[in-house]
>>> print(open('structure_6.cif').read())   # mmCIF, C-alpha atoms
data_input
loop_
_atom_site.label_atom_id
_atom_site.label_comp_id
_atom_site.auth_asym_id
_atom_site.auth_seq_id
_atom_site.Cartn_x
_atom_site.Cartn_y
_atom_site.Cartn_z
CA MET A 1 7.53 13.66 -20.52
CA ASN A 2 7.50 9.97 -21.38
CA GLN A 3 5.56 7.56 -19.25
CA GLN A 4 7.08 6.42 -15.97
CA SER A 5 10.06 8.77 -16.29
CA ILE A 6 9.96 9.98 -12.67
CA ALA A 7 9.41 6.53 -11.22
CA GLN A 8 12.02 4.95 -13.47
CA SER A 9 14.59 7.51 -12.38
CA LEU A 10 13.98 6.84 -8.69
CA PHE A 11 13.02 3.18 -8.33
CA SER A 12 14.16 -0.16 -9.68
CA VAL A 13 11.48 -2.75 -8.97
CA THR A 14 12.06 -6.36 -9.94
CA ALA A 15 9.81 -9.36 -9.52
CA ALA A 16 10.15 -11.64 -6.55
CA SER A 17 12.01 -14.77 -7.59
CA ARG A 18 9.96 -17.87 -8.36
CA GLN A 19 13.05 -20.06 -8.02
CA TYR A 20 12.00 -21.47 -4.66
CA ASP A 21 8.28 -21.89 -5.37
CA GLU A 22 8.41 -25.67 -5.68
CA ALA A 23 10.25 -26.06 -2.37
CA ILE A 24 7.94 -23.59 -0.62
CA GLU A 25 4.82 -25.28 -1.95
CA HIS A 26 6.14 -28.71 -0.94
CA LYS A 27 6.81 -27.49 2.60
CA ILE A 28 3.28 -26.05 2.87
CA ASN A 29 1.69 -29.18 1.44
CA GLN A 30 3.55 -31.45 3.84
CA LYS A 31 2.10 -29.76 6.92
CA THR A 32 -0.32 -31.91 8.91
CA LYS A 33 -3.48 -30.83 7.13
CA PRO A 34 -5.37 -31.62 3.94
CA LEU A 35 -4.11 -29.89 0.83
CA GLY A 36 -5.28 -26.28 0.75
CA ALA A 37 -7.09 -26.58 4.09
CA LEU A 38 -5.73 -23.25 5.37
CA GLY A 39 -7.11 -21.40 2.36
CA LEU A 40 -5.84 -17.87 1.87
CA LEU A 41 -3.25 -18.36 4.61
CA GLU A 42 -1.46 -20.82 2.35
CA SER A 43 -1.21 -18.44 -0.59
CA LEU A 44 -0.18 -15.71 1.84
CA ALA A 45 2.59 -17.90 3.27
CA MET A 46 3.73 -18.65 -0.28
CA GLN A 47 3.85 -14.92 -1.05
CA ILE A 48 5.73 -14.06 2.13
CA ALA A 49 8.26 -16.86 1.58
CA ARG A 50 8.75 -15.88 -2.06
CA VAL A 51 9.41 -12.26 -1.10
CA GLN A 52 11.68 -12.98 1.84
CA TYR A 53 13.72 -15.66 0.08
CA SER A 54 14.14 -13.31 -2.88
CA ARG A 55 15.43 -10.64 -0.52
CA GLU A 56 17.74 -13.03 1.30
CA SER A 57 19.10 -14.32 -1.99
CA GLU A 58 19.67 -10.79 -3.26
CA LEU A 59 21.42 -9.75 -0.05
CA SER A 60 23.56 -12.88 -0.13
CA ASN A 61 24.46 -12.19 -3.73
CA THR A 62 25.49 -8.64 -2.86
CA LEU A 63 27.44 -9.58 0.24
CA LEU A 64 29.28 -12.48 -1.34
CA ASN A 65 29.79 -10.66 -4.65
CA ARG A 66 28.80 -13.75 -6.60
CA THR A 67 26.68 -14.29 -9.66
CA GLU A 68 23.93 -16.81 -10.27
CA SER A 69 26.29 -18.76 -12.54
CA ALA A 70 28.70 -19.10 -9.61
CA GLY A 71 25.99 -20.77 -7.55
CA THR A 72 24.90 -17.98 -5.23
CA GLU A 73 21.19 -18.75 -5.31
CA SER A 74 21.71 -22.47 -4.89
CA SER A 75 23.38 -21.71 -1.54
CA LEU A 76 19.99 -20.67 -0.14
CA ASN A 77 18.04 -23.62 1.23
CA ALA A 78 14.52 -22.30 1.06
CA THR A 79 12.95 -25.07 3.09
CA HIS A 80 15.14 -24.38 6.13
CA LEU A 81 14.93 -20.59 6.37
CA PRO A 82 12.16 -19.48 8.75
CA LEU A 83 9.87 -16.63 7.78
CA TYR A 84 9.83 -13.55 9.98
CA ILE A 85 7.96 -10.37 10.84
CA ASN A 86 10.36 -7.77 12.16
CA LYS A 87 9.30 -4.38 13.46
CA PRO A 88 5.97 -4.10 11.62
CA THR A 89 5.34 -0.42 10.97
CA MET A 90 2.14 1.42 10.13
CA LEU A 91 2.69 4.59 8.09
CA VAL A 92 -0.28 6.97 8.09
CA PHE A 93 0.00 9.73 5.48
CA ALA A 94 -2.06 12.89 6.04
CA ALA A 95 -2.87 15.71 3.62
CA ASP A 96 -5.63 18.10 2.64
CA HIS A 97 -7.43 18.47 -0.68
CA GLY A 98 -8.54 21.63 -2.44
CA ILE A 99 -11.75 20.01 -3.65
CA ALA A 100 -12.91 19.60 -0.03
CA ALA A 101 -13.79 23.29 0.07
CA TYR A 102 -16.50 22.66 -2.56
CA GLY A 103 -18.84 20.47 -0.56
CA VAL A 104 -17.84 16.88 -1.32
CA SER A 105 -17.64 15.72 2.31
CA ILE A 106 -19.63 15.97 5.51
CA ALA A 107 -16.56 17.37 7.27
CA PRO A 108 -14.44 20.50 6.63
CA SER A 109 -10.73 20.25 5.92
CA GLU A 110 -9.92 21.34 9.47
CA VAL A 111 -10.90 17.85 10.60
CA THR A 112 -7.78 16.46 8.93
CA THR A 113 -5.57 18.40 11.35
CA GLN A 114 -7.84 17.58 14.27
CA MET A 115 -7.58 13.88 13.51
CA VAL A 116 -3.80 14.11 13.19
CA HIS A 117 -3.75 15.55 16.71
CA ASN A 118 -5.94 12.62 17.75
CA PHE A 119 -3.34 10.26 16.28
CA ILE A 120 -0.61 12.08 18.19
CA HIS A 121 -2.49 11.66 21.47
CA GLY A 122 -3.28 8.00 20.84
CA GLY A 123 -7.06 8.30 20.71
CA ALA A 124 -7.98 7.18 17.18
CA ALA A 125 -9.04 3.75 16.00
CA ILE A 126 -5.67 3.26 14.30
CA ASN A 127 -3.90 3.87 17.61
CA VAL A 128 -6.10 1.33 19.34
CA PHE A 129 -5.60 -1.36 16.71
CA CYS A 130 -1.86 -0.75 16.35
CA ARG A 131 -1.43 -1.13 20.10
CA GLN A 132 -3.52 -4.30 20.02
CA VAL A 133 -1.69 -6.11 17.24
CA GLY A 134 1.84 -4.75 17.62
CA PHE A 135 2.27 -2.23 14.81
CA ALA A 136 4.57 0.73 15.47
CA LEU A 137 2.73 3.82 14.24
CA GLU A 138 4.27 6.76 12.41
CA VAL A 139 2.24 9.69 11.09
CA ILE A 140 3.48 11.72 8.12
CA ASP A 141 2.33 15.25 7.30
CA CYS A 142 2.32 15.26 3.50
CA GLY A 143 0.51 18.58 3.28
CA ILE A 144 -2.26 19.36 5.76
CA LEU A 145 -3.50 22.95 5.79
CA GLN A 146 -1.46 24.18 8.74
CA PRO A 147 2.03 22.92 9.62
CA LEU A 148 2.37 21.20 12.97
CA ALA A 149 4.82 22.11 15.70
CA THR A 150 8.29 20.70 15.09
CA ASP A 151 8.08 18.71 18.32
CA SER A 152 4.71 17.13 17.47
CA GLY A 153 6.21 13.73 16.71
CA VAL A 154 4.75 13.81 13.18
CA VAL A 155 7.18 13.40 10.29
CA ASN A 156 7.30 16.54 8.14
CA GLN A 157 7.18 15.64 4.44
CA ARG A 158 5.01 18.53 3.33
CA LEU A 159 4.46 19.13 -0.36
CA GLY A 160 2.28 22.17 0.28
CA ALA A 161 -0.70 23.33 2.33
CA GLY A 162 -3.16 21.01 0.61
CA THR A 163 -3.60 20.38 -3.10
CA GLN A 164 -5.32 22.73 -5.51
CA ALA A 165 -8.97 22.10 -6.33
CA MET A 166 -8.61 19.54 -9.10
CA HIS A 167 -11.82 20.52 -10.89
CA LEU A 168 -10.39 24.02 -11.44
CA GLN A 169 -6.65 23.38 -11.96
CA PRO A 170 -4.09 20.60 -11.57
CA ALA A 171 -3.98 19.29 -8.02
CA MET A 172 -0.18 19.59 -8.01
CA SER A 173 2.84 19.82 -10.27
CA LEU A 174 5.03 16.99 -11.54
CA THR A 175 7.81 18.54 -9.43
CA GLN A 176 5.69 17.89 -6.34
CA VAL A 177 5.06 14.32 -7.51
CA ARG A 178 8.82 13.77 -7.76
CA GLN A 179 9.41 15.33 -4.34
CA GLY A 180 6.71 13.10 -2.85
CA PHE A 181 8.32 10.00 -4.34
CA GLU A 182 11.72 11.08 -3.01
CA PHE A 183 10.30 11.69 0.46
CA ALA A 184 8.67 8.27 0.47
CA LYS A 185 11.81 6.51 -0.72
CA ARG A 186 13.87 8.01 2.12
CA LEU A 187 11.16 7.20 4.65
CA VAL A 188 10.93 3.54 3.65
CA LYS A 189 14.70 3.16 3.49
CA ARG A 190 15.01 4.51 7.02
CA HIS A 191 12.62 1.87 8.31
CA VAL A 192 14.18 -0.96 6.30
CA ASP A 193 17.65 0.05 7.52
CA ASN A 194 16.22 -0.11 11.05
CA GLY A 195 15.14 -3.73 10.49
CA THR A 196 11.51 -3.37 9.40
CA SER A 197 10.37 -6.27 7.23
CA ILE A 198 6.77 -5.17 6.66
CA ILE A 199 5.04 -1.81 6.37
CA ALA A 200 1.36 -0.98 6.19
CA LEU A 201 -0.18 2.10 4.61
CA GLY A 202 -2.98 4.25 6.00
CA GLU A 203 -4.15 7.79 5.35
CA MET A 204 -6.09 10.77 6.63
CA GLY A 205 -7.42 13.57 4.46
CA ILE A 206 -10.85 15.12 4.09
CA GLY A 207 -11.73 14.89 0.39
CA ASN A 208 -9.36 12.05 -0.42
CA THR A 209 -12.08 9.65 -1.57
CA SER A 210 -12.75 12.19 -4.33
CA ALA A 211 -9.10 12.10 -5.40
CA ALA A 212 -9.00 8.31 -5.24
CA ALA A 213 -12.21 7.96 -7.26
CA ALA A 214 -10.94 10.42 -9.86
CA LEU A 215 -7.68 8.48 -10.21
CA MET A 216 -9.57 5.21 -10.49
CA ALA A 217 -11.87 6.55 -13.20
CA ALA A 218 -9.03 8.08 -15.20
CA VAL A 219 -6.52 5.23 -14.89
CA LEU A 220 -9.05 2.46 -15.54
CA ASN A 221 -11.10 4.50 -18.02
CA LEU A 222 -14.33 3.93 -16.10
CA ASP A 223 -17.44 6.03 -15.64
CA VAL A 224 -17.11 8.21 -12.57
CA ASP A 225 -20.45 6.92 -11.24
CA LEU A 226 -18.89 3.45 -10.81
CA CYS A 227 -15.98 4.83 -8.83
CA VAL A 228 -17.55 7.34 -6.47
CA GLY A 229 -18.96 6.33 -3.11
CA ARG A 230 -20.29 8.05 -0.04
CA GLY A 231 -16.92 8.39 1.72
CA THR A 232 -17.59 9.43 5.31
CA GLY A 233 -21.35 9.10 4.78
CA ILE A 234 -22.52 11.90 2.51
CA ASP A 235 -26.17 12.37 1.52
CA ASP A 236 -27.60 12.08 -1.99
CA ALA A 237 -27.21 15.77 -2.83
CA THR A 238 -23.56 15.78 -1.79
CA LEU A 239 -22.96 12.55 -3.71
CA THR A 240 -24.36 14.17 -6.85
CA LYS A 241 -22.08 17.18 -6.38
CA LYS A 242 -19.09 14.89 -5.82
CA VAL A 243 -19.75 13.03 -9.07
CA THR A 244 -20.24 16.31 -10.96
CA LEU A 245 -16.98 17.84 -9.72
CA ILE A 246 -14.93 14.72 -10.42
CA ASN A 247 -16.35 14.54 -13.93
CA GLN A 248 -15.49 18.22 -14.33
CA ALA A 249 -11.92 17.56 -13.18
CA ILE A 250 -11.39 14.68 -15.59
CA ASP A 251 -12.92 16.59 -18.51
CA LEU A 252 -10.78 19.64 -17.71
CA HIS A 253 -7.48 17.76 -17.69
CA ARG A 254 -8.12 14.86 -20.06
CA ASN A 255 -5.86 16.20 -22.82
CA GLU A 256 -3.01 16.50 -20.29
CA PHE A 257 -3.13 12.83 -19.25
CA THR A 258 0.05 11.93 -21.11
CA SER A 259 1.35 9.50 -18.48
CA ILE A 260 0.29 7.84 -15.25
CA GLU A 261 2.31 10.43 -13.37
CA SER A 262 0.54 13.27 -15.13
CA ILE A 263 -2.82 11.76 -14.11
CA LEU A 264 -1.52 11.57 -10.54
CA ALA A 265 -0.42 15.21 -10.66
CA HIS A 266 -3.73 16.48 -12.04
CA LEU A 267 -6.09 14.42 -9.86
CA GLY A 268 -4.19 13.03 -6.89
CA GLY A 269 -3.46 13.99 -3.32
CA PHE A 270 -0.19 14.57 -1.53
CA GLU A 271 -0.81 11.53 0.67
CA ILE A 272 -1.68 9.36 -2.34
CA VAL A 273 1.55 10.43 -4.06
CA GLN A 274 3.61 9.47 -1.03
CA MET A 275 1.79 6.16 -0.53
CA THR A 276 2.51 5.40 -4.19
CA GLY A 277 6.16 6.20 -3.60
CA ALA A 278 6.21 4.08 -0.45
CA ILE A 279 4.87 1.08 -2.39
CA LEU A 280 7.52 1.49 -5.06
CA ALA A 281 10.26 1.95 -2.46
CA ALA A 282 9.20 -1.10 -0.46
CA ALA A 283 8.97 -3.23 -3.60
CA GLU A 284 12.45 -2.07 -4.58
CA GLN A 285 13.68 -3.17 -1.14
CA LYS A 286 11.75 -6.45 -1.44
CA ILE A 287 9.66 -6.07 1.69
CA LEU A 288 5.94 -6.61 2.16
CA VAL A 289 3.43 -3.77 1.98
CA VAL A 290 -0.03 -4.11 3.53
CA ILE A 291 -2.60 -2.07 1.60
CA ASP A 292 -5.55 -0.69 3.54
CA GLY A 293 -8.77 0.45 1.89
CA PHE A 294 -9.98 2.54 -1.04
CA ILE A 295 -7.42 5.35 -0.85
CA ALA A 296 -4.41 3.09 -0.34
CA THR A 297 -5.64 0.81 -3.13
CA ALA A 298 -5.81 3.82 -5.47
CA ALA A 299 -2.14 4.44 -4.64
CA ALA A 300 -1.46 0.76 -5.37
CA LEU A 301 -3.27 1.12 -8.71
CA VAL A 302 -0.95 3.96 -9.69
CA ALA A 303 2.14 2.14 -8.41
CA LEU A 304 1.28 -0.99 -10.39
CA LYS A 305 0.89 1.02 -13.57
CA LEU A 306 4.33 2.50 -12.94
CA ALA A 307 6.00 -0.77 -11.87
CA PRO A 308 3.85 -3.89 -12.44
CA HIS A 309 6.24 -6.14 -10.49
CA SER A 310 5.20 -4.24 -7.34
CA HIS A 311 2.21 -6.58 -7.16
CA ASP A 312 4.45 -9.35 -5.76
CA TYR A 313 4.98 -7.36 -2.57
CA LEU A 314 1.43 -6.22 -1.85
CA VAL A 315 -0.92 -7.76 0.70
CA PHE A 316 -4.45 -6.39 0.34
CA ALA A 317 -5.88 -6.24 3.83
CA HIS A 318 -9.61 -5.86 3.27
CA GLN A 319 -12.47 -4.92 1.01
CA SER A 320 -13.98 -1.71 2.27
CA HIS A 321 -17.55 -0.49 2.20
CA GLU A 322 -16.66 2.17 -0.41
CA GLN A 323 -18.47 1.48 -3.68
CA GLY A 324 -15.46 1.52 -6.00
CA HIS A 325 -13.14 -0.54 -3.84
CA GLN A 326 -14.40 -3.96 -4.88
CA LEU A 327 -14.18 -2.98 -8.55
CA MET A 328 -10.66 -1.68 -8.11
CA LEU A 329 -9.56 -4.84 -6.29
CA GLN A 330 -10.94 -6.89 -9.16
CA ALA A 331 -9.05 -4.77 -11.66
CA LEU A 332 -5.85 -5.41 -9.71
CA GLN A 333 -6.59 -9.15 -9.43
CA ALA A 334 -6.29 -8.72 -5.67
CA THR A 335 -7.90 -10.99 -3.09
CA PRO A 336 -8.36 -9.15 0.21
CA LEU A 337 -7.91 -11.00 3.51
CA LEU A 338 -10.92 -9.45 5.24
CA SER A 339 -14.36 -8.07 4.43
CA LEU A 340 -15.72 -6.23 7.46
CA GLY A 341 -17.69 -3.37 5.91
CA LEU A 342 -15.05 -0.87 7.06
CA ARG A 343 -15.02 2.67 5.70
CA LEU A 344 -12.83 4.50 8.20
CA GLY A 345 -9.43 4.63 6.54
CA GLU A 346 -6.45 5.48 8.75
CA GLY A 347 -4.95 2.05 8.04
CA THR A 348 -7.44 0.33 10.34
CA GLY A 349 -8.12 -2.60 8.01
CA ALA A 350 -4.41 -3.07 7.41
CA ALA A 351 -3.78 -3.17 11.15
CA LEU A 352 -6.48 -5.78 11.69
CA ALA A 353 -4.90 -7.97 9.01
CA LEU A 354 -1.57 -8.30 10.86
CA PRO A 355 -2.66 -11.31 12.98
CA LEU A 356 -3.54 -13.17 9.77
CA ILE A 357 -0.11 -12.38 8.33
CA GLN A 358 1.44 -13.58 11.58
CA GLY A 359 -0.68 -16.72 11.35
CA ALA A 360 0.66 -17.46 7.87
CA VAL A 361 4.25 -17.02 9.09
CA ASN A 362 3.70 -19.11 12.20
CA PHE A 363 2.07 -22.11 10.55
CA TYR A 364 4.85 -22.14 7.94
CA ASN A 365 7.54 -22.05 10.64
CA GLN A 366 6.01 -24.10 13.44
CA MET A 367 3.43 -26.54 12.13
CA ALA A 368 4.66 -30.11 12.02
CA SER A 369 5.03 -32.03 8.79
CA PHE A 370 3.51 -35.47 8.35
CA ASP A 371 6.96 -37.00 8.80
CA ASP A 372 7.73 -34.93 11.91
CA ALA A 373 4.44 -35.86 13.58
CA GLY A 374 4.37 -39.48 12.50
CA VAL A 375 1.01 -38.91 10.84
CA ASN A 376 0.02 -40.74 7.69
CA ASN A 377 -0.16 -38.42 4.72
CA VAL A 378 -3.70 -38.95 3.50
CA VAL A 379 -3.64 -36.26 0.79
#
>>> encode(input="structure_6.cif", output="structure tokens")
Amino acid sequence: MNQQSIAQSLFSVTAASRQYDEAIEHKINQKTKPLGALGLLESLAMQIARVQYSRESELSNTLLNRTESAGTESSLNATHLPLYINKPTMLVFAADHGIAAYGVSIAPSEVTTQMVHNFIHGGAAINVFCRQVGFALEVIDCGILQPLATDSGVVNQRLGAGTQAMHLQPAMSLTQVRQGFEFAKRLVKRHVDNGTSIIALGEMGIGNTSAAAALMAAVLNLDVDLCVGRGTGIDDATLTKKVTLINQAIDLHRNEFTSIESILAHLGGFEIVQMTGAILAAAEQKILVVIDGFIATAAALVALKLAPHSHDYLVFAHQSHEQGHQLMLQALQATPLLSLGLRLGEGTGAALALPLIQGAVNFYNQMASFDDAGVNNVV
């Protein structure tokens, strides 16, 4: 199977247009502030404007059935279109991992299901933060050990009852990778069709830091020791076992790593597969994706190898406490908005970043220019 064949057959990701960059930058620079005084919020506003104007231009082109040569894109006045955040939606993907049965976490796999029930009843940190900042929350069962009741309110996108233990056999098949991508594409399309302009990605799955670290080591060709952290707070003996088993998994499958998707199949998790698919689907739709911590960033790493233009649509929420996260962010040339020492997962860091994203949108839309305010431009 040639590289990217599954992703290429399902997704068409193009770069966000740079056509309006000069106008966007001029608008930001003419706000009543010194040049660059709002720091990361300025680059974030630039990114949001670039993405949304690209989407508006593409939709206009489709609706009017015009081509660039006929002047479609010139009909969009970038400096007069306000930015927007419509129906922000947090997607939390849950799944179990076969490797968890071999002592790589302080918690058994049953905790995954218990935490999903906590999400359902509104008692987890992600529920609290989503209520606080205004994210709608949707939980997706990608493959926890036991199926939930059909009336649980959790979206059923199960790929199995947990992955296989990756240090003994492939975590999943390429058929399951494809199914996960297809599930994610339909999920994202449903939200976009409902008016969502921004999604955020979170996860729940005992053992998923092992899968994320394994993917990081294999994709970036790094020593496992650099990629593995303490996850939920494991002791030294458990950390040693975790490193050993991940090394065993990579050594076992190394000759089968013929593509990024094959690495994902051998080492990944059902939730990581579907987060990867969600990133690709959102980038295809030209909407923003807020990436949470270590696990979600591992999904982003895979997505960017499959479709490099996806980077235009990603907002990296925070740098987590997990050892490999900073290294992975550096590899992706990603600047996170926050650094709070978080190591919870669930999408909590992504939720806490929403007010900053709103701040970038609001200053772009509402802050007066020097001309509007009658203030001398001293920059």
>>> atom_distance(input="structure_6.cif", atom1="atom CA of A:Asp193", atom2="atom CA of A:Thr150")
23.9 Å
>>> atom_distance(input="structure_6.cif", atom1="atom CA of A:Leu10", atom2="atom CA of A:Asn221")
26.9 Å
>>> residues_around(input="structure_6.cif", residues="stretch 248-252 of chain A", least_positions_apart="5", cutoff="7 Å", atoms="all atoms listed in the file", output="VMD selection string")
chain A and resid 166 to 168
>>> residues_around(input="structure_6.cif", residues="A:Ala171", least_positions_apart="5", cutoff="8 Å", atoms="all atoms listed in the file", output="list in words")
Gly98, Thr163, Gln164, Ala165, Met166, Ala265, His266, Leu267, Gly268 and Gly269 of chain A
>>> write_last_selection(input="structure_6.cif", atoms="C-alpha atoms", output="compact mmCIF listing (two decimals), keeping the file's coordinate frame")
# COMPACT_ATOMS: atom_id res chain seq x y z
CA GLY A 98 -8.54 21.63 -2.44
CA THR A 163 -3.60 20.38 -3.10
CA GLN A 164 -5.32 22.73 -5.51
CA ALA A 165 -8.97 22.10 -6.33
CA MET A 166 -8.61 19.54 -9.10
CA ALA A 265 -0.42 15.21 -10.66
CA HIS A 266 -3.73 16.48 -12.04
CA LEU A 267 -6.09 14.42 -9.86
CA GLY A 268 -4.19 13.03 -6.89
CA GLY A 269 -3.46 13.99 -3.32
>>> closest_residue(input="structure_6.cif", among="A:His26, A:Gly207, A:Ala15, A:Ala184", to="A:Ser109", atoms="only C-alpha atoms")
A:Gly207
>>> resolve_selection(input="structure_6.cif", expression="the PyMOL selection byres ((chain A and resi 161) around 8)", output="number ranges by chain")
A: 96, 143-147, 158-160, 162-163
>>> closest_residue(input="structure_6.cif", among="A:Leu40, A:Met90, A:Leu329, A:Ala307", to="A:Gly347", atoms="only C-alpha atoms")
A:Met90
>>> resolve_selection(input="structure_6.cif", expression="the PyMOL selection byres ((chain A and resi 210) around 8)", output="list in words")
Ile99, Val104, Gly207, Asn208, Thr209, Ala211, Ala212, Ala213, Ala214, Val228, Lys242 and Ile246 of chain A
>>> atom_distance(input="structure_6.cif", atom1="atom CA of A:Lys185", atom2="atom CA of A:Leu201")
13.8 Å
>>> closest_residue(input="structure_6.cif", among="A:Lys305, A:Arg343, A:His318, A:Lys241", to="A:Ser105", atoms="only C-alpha atoms")
A:Lys241
>>> closest_residue(input="structure_6.cif", among="A:Ala107, A:Val289, A:Leu35, A:Val188", to="A:Glu138", atoms="all atoms listed in the file")
A:Val188
>>> closest_residue(input="structure_6.cif", among="A:Leu338, A:Ile85, A:Val13, A:Leu187", to="A:His321", atoms="only C-alpha atoms")
A:Leu338
>>> closest_residue(input="structure_6.cif", among="A:Asn247, A:Asn156, A:Ser339, A:Asn365", to="A:Leu222", atoms="all atoms listed in the file")
A:Asn247
>>> decode(input="structure_6.cif", residues="stretch 229-250 of chain A", atoms="N, CA and C atoms", output="compact mmCIF listing (two decimals), in the first residue's frame")
# COMPACT_ATOMS: atom_id res chain seq x y z
N GLY A 229 6.56 9.64 28.90
CA GLY A 229 6.45 10.35 30.16
C GLY A 229 5.68 9.53 31.18
N ARG A 230 5.30 10.20 32.25
CA ARG A 230 4.67 9.48 33.36
C ARG A 230 3.15 9.42 33.26
N GLY A 231 2.58 9.97 32.17
CA GLY A 231 1.14 9.84 31.97
C GLY A 231 0.35 10.33 33.16
N THR A 232 -0.43 9.43 33.76
CA THR A 232 -1.26 9.80 34.90
C THR A 232 -0.49 9.84 36.22
N GLY A 233 0.83 9.64 36.17
CA GLY A 233 1.64 9.75 37.38
C GLY A 233 2.26 8.45 37.82
N ILE A 234 2.78 7.68 36.89
CA ILE A 234 3.34 6.37 37.22
C ILE A 234 4.68 6.50 37.94
N ASP A 235 5.04 5.44 38.69
CA ASP A 235 6.31 5.43 39.42
C ASP A 235 7.44 4.99 38.51
N ASP A 236 8.65 4.96 39.04
CA ASP A 236 9.83 4.66 38.23
C ASP A 236 9.77 3.26 37.63
N ALA A 237 9.32 2.29 38.41
CA ALA A 237 9.28 0.91 37.91
C ALA A 237 8.30 0.78 36.75
N THR A 238 7.15 1.44 36.87
CA THR A 238 6.15 1.40 35.81
C THR A 238 6.65 2.14 34.57
N LEU A 239 7.37 3.24 34.79
CA LEU A 239 7.94 3.99 33.68
C LEU A 239 8.93 3.12 32.90
N THR A 240 9.75 2.38 33.62
CA THR A 240 10.71 1.49 32.97
C THR A 240 9.99 0.43 32.14
N LYS A 241 8.93 -0.14 32.70
CA LYS A 241 8.15 -1.13 31.96
C LYS A 241 7.52 -0.51 30.72
N LYS A 242 7.01 0.69 30.85
CA LYS A 242 6.37 1.39 29.73
C LYS A 242 7.36 1.58 28.58
N VAL A 243 8.57 2.04 28.92
CA VAL A 243 9.61 2.23 27.90
C VAL A 243 9.95 0.89 27.24
N THR A 244 10.10 -0.14 28.05
CA THR A 244 10.47 -1.47 27.53
C THR A 244 9.42 -1.98 26.55
N LEU A 245 8.14 -1.87 26.91
CA LEU A 245 7.09 -2.41 26.06
C LEU A 245 6.93 -1.60 24.77
N ILE A 246 7.11 -0.30 24.85
CA ILE A 246 7.03 0.50 23.62
C ILE A 246 8.19 0.19 22.70
N ASN A 247 9.38 0.05 23.26
CA ASN A 247 10.52 -0.38 22.44
C ASN A 247 10.25 -1.73 21.80
N GLN A 248 9.67 -2.63 22.56
CA GLN A 248 9.34 -3.96 22.05
C GLN A 248 8.36 -3.86 20.88
N ALA A 249 7.37 -2.99 21.04
CA ALA A 249 6.37 -2.82 19.98
C ALA A 249 7.00 -2.29 18.70
N ILE A 250 7.83 -1.27 18.82
CA ILE A 250 8.46 -0.69 17.64
C ILE A 250 9.41 -1.68 16.98
